[in-house]
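Visitor: Pasting upload_32.cif below, which is mmCIF, C-alpha atoms.
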```
data_upload
#
loop_
_atom_site.group_PDB
_atom_site.id
_atom_site.type_symbol
_atom_site.label_atom_id
_atom_site.label_comp_id
_atom_site.auth_asym_id
_atom_site.auth_seq_id
_atom_site.Cartn_x
_atom_site.Cartn_y
_atom_site.Cartn_z
ATOM 1 C CA MET A 1 -17.633 11.820 48.592
ATOM 2 C CA ARG A 2 -16.215 8.299 48.662
ATOM 3 C CA THR A 3 -12.757 7.637 50.101
ATOM 4 C CA LEU A 4 -10.185 6.244 47.672
ATOM 5 C CA ILE A 5 -7.673 3.997 49.462
ATOM 6 C CA SER A 6 -4.402 2.810 47.936
ATOM 7 C CA SER A 7 -3.374 -0.516 49.471
ATOM 8 C CA ALA A 8 0.131 -1.776 48.762
ATOM 9 C CA PHE A 9 2.845 -4.183 49.735
ATOM 10 C CA ILE A 10 5.926 -2.009 49.374
ATOM 11 C CA SER A 11 9.654 -2.480 49.911
ATOM 12 C CA LEU A 12 11.537 0.051 51.997
ATOM 13 C CA ASP A 13 12.892 1.561 48.780
ATOM 14 C CA GLY A 14 9.414 2.028 47.292
ATOM 15 C CA VAL A 15 9.079 -0.976 44.960
ATOM 16 C CA VAL A 16 5.641 -2.569 44.560
ATOM 17 C CA GLU A 17 6.352 -4.838 41.575
ATOM 18 C CA GLY A 18 5.965 -8.618 41.788
ATOM 19 C CA PRO A 19 5.030 -9.099 45.444
ATOM 20 C CA GLY A 20 3.209 -12.342 44.701
ATOM 21 C CA GLY A 21 5.522 -13.835 42.127
ATOM 22 C CA ASP A 22 4.808 -12.080 38.834
ATOM 23 C CA PRO A 23 6.819 -13.709 36.041
ATOM 24 C CA GLY A 24 9.588 -11.665 34.507
ATOM 25 C CA TYR A 25 10.495 -9.648 37.598
ATOM 26 C CA ARG A 26 13.871 -10.542 39.108
ATOM 27 C CA ASN A 27 12.717 -10.385 42.752
ATOM 28 C CA ALA A 28 9.217 -11.794 42.177
ATOM 29 C CA GLY A 29 7.551 -13.229 45.271
ATOM 30 C CA TRP A 30 9.455 -11.042 47.709
ATOM 31 C CA THR A 31 6.531 -10.839 50.153
ATOM 32 C CA PHE A 32 6.660 -14.543 50.976
ATOM 33 C CA LYS A 33 10.167 -15.671 49.966
ATOM 34 C CA ASP A 34 12.232 -13.197 51.925
ATOM 35 C CA VAL A 35 10.245 -12.363 55.070
ATOM 36 C CA GLU A 36 8.820 -14.720 57.715
ATOM 37 C CA PHE A 37 5.001 -14.879 57.560
ATOM 38 C CA LEU A 38 3.220 -13.520 60.631
ATOM 39 C CA PRO A 39 -0.600 -13.568 60.301
ATOM 40 C CA GLU A 40 -1.061 -10.552 62.566
ATOM 41 C CA ALA A 41 0.897 -8.373 60.134
ATOM 42 C CA PHE A 42 -1.769 -9.002 57.484
ATOM 43 C CA GLU A 43 -4.811 -8.191 59.649
ATOM 44 C CA ILE A 44 -5.364 -5.020 57.644
ATOM 45 C CA LYS A 45 -5.957 -7.108 54.483
ATOM 46 C CA GLY A 46 -9.014 -8.768 56.043
ATOM 47 C CA ARG A 47 -10.242 -5.454 57.369
ATOM 48 C CA GLU A 48 -9.996 -3.924 53.886
ATOM 49 C CA GLN A 49 -12.445 -6.524 52.554
ATOM 50 C CA GLU A 50 -14.884 -5.707 55.353
ATOM 51 C CA GLU A 51 -14.661 -1.915 54.992
ATOM 52 C CA ALA A 52 -14.311 -1.415 51.227
ATOM 53 C CA THR A 53 -17.405 -1.278 49.040
ATOM 54 C CA ALA A 54 -15.670 -1.405 45.630
ATOM 55 C CA ILE A 55 -12.314 -2.296 44.047
ATOM 56 C CA LEU A 56 -10.453 -0.120 41.540
ATOM 57 C CA MET A 57 -7.667 -1.602 39.398
ATOM 58 C CA GLY A 58 -5.640 -0.862 36.329
ATOM 59 C CA ARG A 59 -5.606 -3.224 33.354
ATOM 60 C CA THR A 60 -2.442 -5.089 34.322
ATOM 61 C CA SER A 61 -3.637 -5.829 37.854
ATOM 62 C CA TYR A 62 -7.084 -6.822 36.601
ATOM 63 C CA GLU A 63 -5.461 -9.270 34.178
ATOM 64 C CA ALA A 64 -3.355 -10.701 37.032
ATOM 65 C CA PHE A 65 -6.101 -10.890 39.687
ATOM 66 C CA SER A 66 -9.209 -11.842 37.681
ATOM 67 C CA PRO A 67 -8.120 -15.407 36.804
ATOM 68 C CA VAL A 68 -7.145 -16.141 40.432
ATOM 69 C CA TRP A 69 -8.981 -14.045 43.044
ATOM 70 C CA PRO A 70 -12.583 -15.096 42.220
ATOM 71 C CA ASP A 71 -11.916 -18.648 43.463
ATOM 72 C CA MET A 72 -9.637 -17.803 46.405
ATOM 73 C CA GLU A 73 -11.109 -18.127 49.890
ATOM 74 C CA ASP A 74 -8.773 -15.346 51.131
ATOM 75 C CA PHE A 75 -10.469 -12.885 48.749
ATOM 76 C CA ALA A 76 -14.090 -14.085 49.043
ATOM 77 C CA GLY A 77 -15.181 -10.637 50.257
ATOM 78 C CA TYR A 78 -14.153 -9.104 46.958
ATOM 79 C CA LYS A 79 -16.132 -11.523 44.788
ATOM 80 C CA VAL A 80 -19.489 -9.766 45.243
ATOM 81 C CA MET A 81 -18.042 -6.263 45.450
ATOM 82 C CA PRO A 82 -18.345 -3.980 42.385
ATOM 83 C CA LYS A 83 -15.089 -3.733 40.475
ATOM 84 C CA TYR A 84 -13.825 -0.894 38.284
ATOM 85 C CA VAL A 85 -11.016 -1.270 35.768
ATOM 86 C CA VAL A 86 -9.307 1.907 34.567
ATOM 87 C CA SER A 87 -8.102 1.244 31.035
ATOM 88 C CA THR A 88 -8.264 2.639 27.532
ATOM 89 C CA THR A 89 -7.805 -0.818 26.005
ATOM 90 C CA VAL A 90 -9.863 -3.327 28.037
ATOM 91 C CA THR A 91 -13.162 -4.312 26.414
ATOM 92 C CA GLU A 92 -16.272 -5.996 27.818
ATOM 93 C CA ASP A 93 -15.093 -9.222 26.162
ATOM 94 C CA ASP A 94 -11.909 -9.106 28.287
ATOM 95 C CA LEU A 95 -13.870 -9.220 31.560
ATOM 96 C CA VAL A 96 -14.290 -12.493 33.461
ATOM 97 C CA SER A 97 -17.827 -13.665 34.195
ATOM 98 C CA ASN A 98 -17.260 -15.233 37.634
ATOM 99 C CA TRP A 99 -16.153 -12.188 39.622
ATOM 100 C CA GLY A 100 -19.261 -10.046 39.878
ATOM 101 C CA LYS A 101 -20.105 -6.719 38.293
ATOM 102 C CA THR A 102 -17.156 -4.994 36.620
ATOM 103 C CA THR A 103 -17.262 -1.552 35.025
ATOM 104 C CA ILE A 104 -14.606 -0.149 32.706
ATOM 105 C CA LEU A 105 -13.537 3.450 33.333
ATOM 106 C CA ARG A 106 -11.644 5.181 30.546
ATOM 107 C CA SER A 107 -10.100 8.169 32.364
ATOM 108 C CA LEU A 108 -9.122 9.740 35.654
ATOM 109 C CA GLU A 109 -12.097 12.067 35.191
ATOM 110 C CA GLU A 110 -14.348 9.002 35.377
ATOM 111 C CA VAL A 111 -12.551 7.930 38.571
ATOM 112 C CA ALA A 112 -13.148 11.403 40.031
ATOM 113 C CA ALA A 113 -16.837 11.105 39.088
ATOM 114 C CA LEU A 114 -17.013 7.673 40.765
ATOM 115 C CA LYS A 115 -15.661 9.213 43.961
ATOM 116 C CA GLU A 116 -18.596 11.672 43.890
ATOM 117 C CA THR A 117 -21.191 8.861 43.948
ATOM 118 C CA GLU A 118 -22.938 7.419 46.997
ATOM 119 C CA GLY A 119 -21.221 4.561 48.771
ATOM 120 C CA GLY A 120 -18.333 3.642 50.975
ATOM 121 C CA PRO A 121 -14.592 3.359 50.459
ATOM 122 C CA ILE A 122 -13.029 2.253 47.183
ATOM 123 C CA ILE A 123 -9.827 0.206 47.477
ATOM 124 C CA VAL A 124 -7.012 0.112 44.918
ATOM 125 C CA HIS A 125 -4.944 -3.090 44.826
ATOM 126 C CA GLY A 126 -1.750 -3.482 42.792
ATOM 127 C CA SER A 127 -1.900 -1.104 39.836
ATOM 128 C CA ALA A 128 1.430 0.727 40.092
ATOM 129 C CA ALA A 129 0.879 2.988 37.066
ATOM 130 C CA LEU A 130 -2.702 3.728 38.104
ATOM 131 C CA ASN A 131 -1.599 4.551 41.660
ATOM 132 C CA GLN A 132 0.955 7.014 40.327
ATOM 133 C CA ALA A 133 -1.624 8.712 38.107
ATOM 134 C CA LEU A 134 -4.232 8.823 40.895
ATOM 135 C CA SER A 135 -1.715 10.261 43.347
ATOM 136 C CA ASP A 136 -0.468 12.871 40.874
ATOM 137 C CA ALA A 137 -4.097 13.871 40.181
ATOM 138 C CA GLY A 138 -4.838 14.254 43.908
ATOM 139 C CA LEU A 139 -7.468 11.506 43.903
ATOM 140 C CA ILE A 140 -6.075 9.241 46.653
ATOM 141 C CA ASP A 141 -7.383 9.945 50.158
ATOM 142 C CA ARG A 142 -5.629 7.245 52.193
ATOM 143 C CA TYR A 143 -2.692 4.861 51.933
ATOM 144 C CA HIS A 144 -2.584 1.404 53.553
ATOM 145 C CA LEU A 145 1.057 0.391 53.323
ATOM 146 C CA LEU A 146 2.658 -2.829 54.498
ATOM 147 C CA VAL A 147 6.334 -1.922 54.336
ATOM 148 C CA PHE A 148 8.697 -4.870 53.968
ATOM 149 C CA PRO A 149 12.265 -4.645 55.357
ATOM 150 C CA LEU A 150 13.778 -5.189 51.923
ATOM 151 C CA LEU A 151 15.663 -3.119 49.370
ATOM 152 C CA LEU A 152 14.712 -4.414 45.925
ATOM 153 C CA GLY A 153 16.411 -1.838 43.730
ATOM 154 C CA ALA A 154 14.808 -1.849 40.297
ATOM 155 C CA GLY A 155 11.082 -2.309 39.876
ATOM 156 C CA LYS A 156 7.789 -0.487 39.553
ATOM 157 C CA ARG A 157 7.320 2.124 42.242
ATOM 158 C CA LEU A 158 4.181 3.197 44.079
ATOM 159 C CA PHE A 159 4.931 6.889 43.667
ATOM 160 C CA SER A 160 5.879 8.721 40.497
ATOM 161 C CA ALA A 161 8.955 10.885 40.040
ATOM 162 C CA THR A 162 6.787 13.783 38.850
ATOM 163 C CA ASP A 163 8.013 17.212 39.931
ATOM 164 C CA LYS A 164 5.118 18.477 42.037
ATOM 165 C CA ASP A 165 4.268 20.376 45.172
ATOM 166 C CA THR A 166 4.701 18.642 48.521
ATOM 167 C CA GLN A 167 1.763 16.472 49.511
ATOM 168 C CA LYS A 168 1.377 16.157 53.270
ATOM 169 C CA LEU A 169 0.260 12.930 54.898
ATOM 170 C CA LYS A 170 -1.039 12.282 58.413
ATOM 171 C CA LEU A 171 -0.101 8.984 60.073
ATOM 172 C CA VAL A 172 -3.353 7.629 61.535
ATOM 173 C CA GLU A 173 -2.359 4.037 62.321
ATOM 174 C CA HIS A 174 0.931 2.185 62.574
ATOM 175 C CA GLU A 175 2.445 -0.959 63.945
ATOM 176 C CA ALA A 176 5.754 -2.803 63.699
ATOM 177 C CA TYR A 177 5.942 -6.593 63.713
ATOM 178 C CA ALA A 178 8.591 -9.073 64.861
ATOM 179 C CA ASN A 179 9.430 -9.993 61.238
ATOM 180 C CA GLY A 180 10.315 -6.378 60.428
ATOM 181 C CA LEU A 181 7.100 -5.499 58.574
ATOM 182 C CA GLN A 182 5.560 -2.144 59.336
ATOM 183 C CA LYS A 183 1.924 -1.187 58.853
ATOM 184 C CA ASN A 184 1.520 2.491 58.038
ATOM 185 C CA VAL A 185 -1.878 4.046 57.353
ATOM 186 C CA PHE A 186 -1.736 7.633 56.120
ATOM 187 C CA ASP A 187 -4.519 10.077 55.359
ATOM 188 C CA VAL A 188 -3.781 12.631 52.664
ATOM 189 C CA VAL A 189 -3.959 16.141 54.137
ATOM 190 C CA ARG A 190 -5.902 18.520 51.922
#
```
How would this structure read if it were set down as C-alpha cells?

Guide:
Amino acid sequence: MRTLISSAFISLDGVVEGPGGDPGYRNAGWTFKDVEFLPEAFEIKGREQEEATAILMGRTSYEAFSPVWPDMEDFAGYKVMPKYVVSTTVTEDDLVSNWGKTTILRSLEEVAALKETEGGPIIVHGSAALNQALSDAGLIDRYHLLVFPLLLGAGKRLFSATDKDTQKLKLVEHEAYANGLQKNVFDVVR
C-alpha cells in the first residue's frame, strides 16, 4: 500500500488558504509577507520532491499550480512525476501538456484504489477541500506541516469540522526555527 502524505503550509489557527498570494483572499501571501524567510525551515519541501513518486491535487490547486510549477526550478522534481487530479468537472482538455502524465480521478474510491497500487509515497499539495475529504475518509497516512506563527482568522482550513471519532497522530519529526516556524510530521495511528 502506498503512503498518502498531506503537505501543508498552515497558520497556527489552521488556515491553509492563500499561502502564496492567491487573489481574492484577504491575507494572501502570508507565508512570505509576514514571516522572515529561513531556507532551513523549508528543507522538507526539497525532501518531499525526492521521496514522493506521485502528486495528488484537487481541481482548484491543479488550476493554480499547472500554469506555474512546470517551469519553476524549485519544483523541477515534480515535472516528471505522475500527477492525479481529483475532480468531477476537470476534463482531458483542461490538462496542461508541459507537466508530464496527469490522470483524472473522479472519486475518493479511485484515490483508495490508487493507494493499493505499486509505488512509493503520494504527496498532496494545497487542495484544502480534498484534504478534508481524504482525512474524513481515513485515506491520509502522514501529515507534513509547516506551522506559521500567525493567526489568520477566516480562510480555508486543512481539517473539516465534521463530527467524527478521535483520530490519533504520532509525532515522528519536529523542529522549531528562529523565525517561529515549526515543522511537524505526524503519522496517522490506525

Visitor: May I have the residues within 12 Å of A:Tyr25 as a PyMOL selection string, using only C-alpha atoms and disregarding those fewer than 2 positions away in the same chain?

Guide: chain A and resi 15-23+27-30+152-156

Visitor: Using C-alpha atoms, can you export the residues from the last selection as a compact mmCIF listing (two decimals), keeping the file's coordinate frame?

Guide:
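Result file follows (out.txt):
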```txt
# COMPACT_ATOMS: atom_id res chain seq x y z
CA VAL A 15 9.08 -0.98 44.96
CA VAL A 16 5.64 -2.57 44.56
CA GLU A 17 6.35 -4.84 41.58
CA GLY A 18 5.96 -8.62 41.79
CA PRO A 19 5.03 -9.10 45.44
CA GLY A 20 3.21 -12.34 44.70
CA GLY A 21 5.52 -13.84 42.13
CA ASP A 22 4.81 -12.08 38.83
CA PRO A 23 6.82 -13.71 36.04
CA ASN A 27 12.72 -10.38 42.75
CA ALA A 28 9.22 -11.79 42.18
CA GLY A 29 7.55 -13.23 45.27
CA TRP A 30 9.46 -11.04 47.71
CA LEU A 152 14.71 -4.41 45.92
CA GLY A 153 16.41 -1.84 43.73
CA ALA A 154 14.81 -1.85 40.30
CA GLY A 155 11.08 -2.31 39.88
CA LYS A 156 7.79 -0.49 39.55
```

Visitor: Under the rule that all atoms listed in the file are counted, which of A:Ala161, A:Asp141, A:Gln167, A:Leu146 is the nearest residue to A:Glu40?

Guide: A:Leu146

Visitor: Go through the shown structure with the PyMOL selection byres ((chain A and resi 165) around 12) and write out the matching residues as a count of residues only.

Guide: 11

Visitor: Calculated over all atoms listed in the file, which of the candidates A:Val185, A:Ile104, A:Leu95, A:Val86 has the smallest distance to A:Ala129?

Guide: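 Result for the nearest residue to A:Ala129: A:Val86.
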
Visitor: Determine, for each residue of stretch 73-167 of chain A having at least one atom at most 7 Å from an atom of stretch 6-10 of chain A, the closest pair of atoms and their separation in Å to one decimal, counting all atoms listed in the file; order by chain and ascending number, as CSV.

Guide:
```
residue,atom,partner,partner_atom,distance
A:Ile123,CA,A:Ser6,CA,6.0
A:Val124,CA,A:Ser6,CA,4.8
A:His125,CA,A:Ser7,CA,5.5
A:Gly126,CA,A:Ala8,CA,6.5
A:Ile140,CA,A:Ser6,CA,6.8
A:Arg142,CA,A:Ser6,CA,6.3
A:Tyr143,CA,A:Ser6,CA,4.8
A:His144,CA,A:Ser7,CA,4.6
A:Leu145,CA,A:Ala8,CA,5.1
A:Leu146,CA,A:Phe9,CA,5.0
A:Val147,CA,A:Ile10,CA,5.0
A:Phe148,CA,A:Ile10,CA,6.1
```

Visitor: Near A:Phe37, counting only C-alpha atoms, which residues have an atom at most 12 Å away, once you skip same-chain residues fewer than 2 positions from it, shown as a ChimeraX atom specification?

Guide: /A:30-35,39-42,148,177-181

Visitor: Work out how far atom CA of A:Ser160 is from atom CA of A:Thr53, in Å to one decimal.

Guide: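 Going from atom CA of A:Thr53 over to atom CA of A:Ser160 covers 26.7 Å.
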
Visitor: Evaluated on this file, the PyMOL selection byres ((chain A and resi 67-69) around 12) picks out some residues - which ones are they, written as a PyMOL selection string?

Guide: chain A and resi 20+61-66+70-80+94-100+125

Visitor: Would you mind reading off the distance between atom CA of A:Thr91 and atom CA of A:Gln132, one decimal, in Å?

Guide: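 Those two atoms sit 22.8 Å apart.
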
Visitor: From the set A:Ile5, A:Val189, A:Leu158, A:Leu105, which residue has the shortest atom-to-atom contact distance to A:Gly120, counting all atoms listed in the file?

Guide: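 Nearest candidate to A:Gly120 out of A:Ile5, A:Val189, A:Leu158, A:Leu105: A:Ile5.
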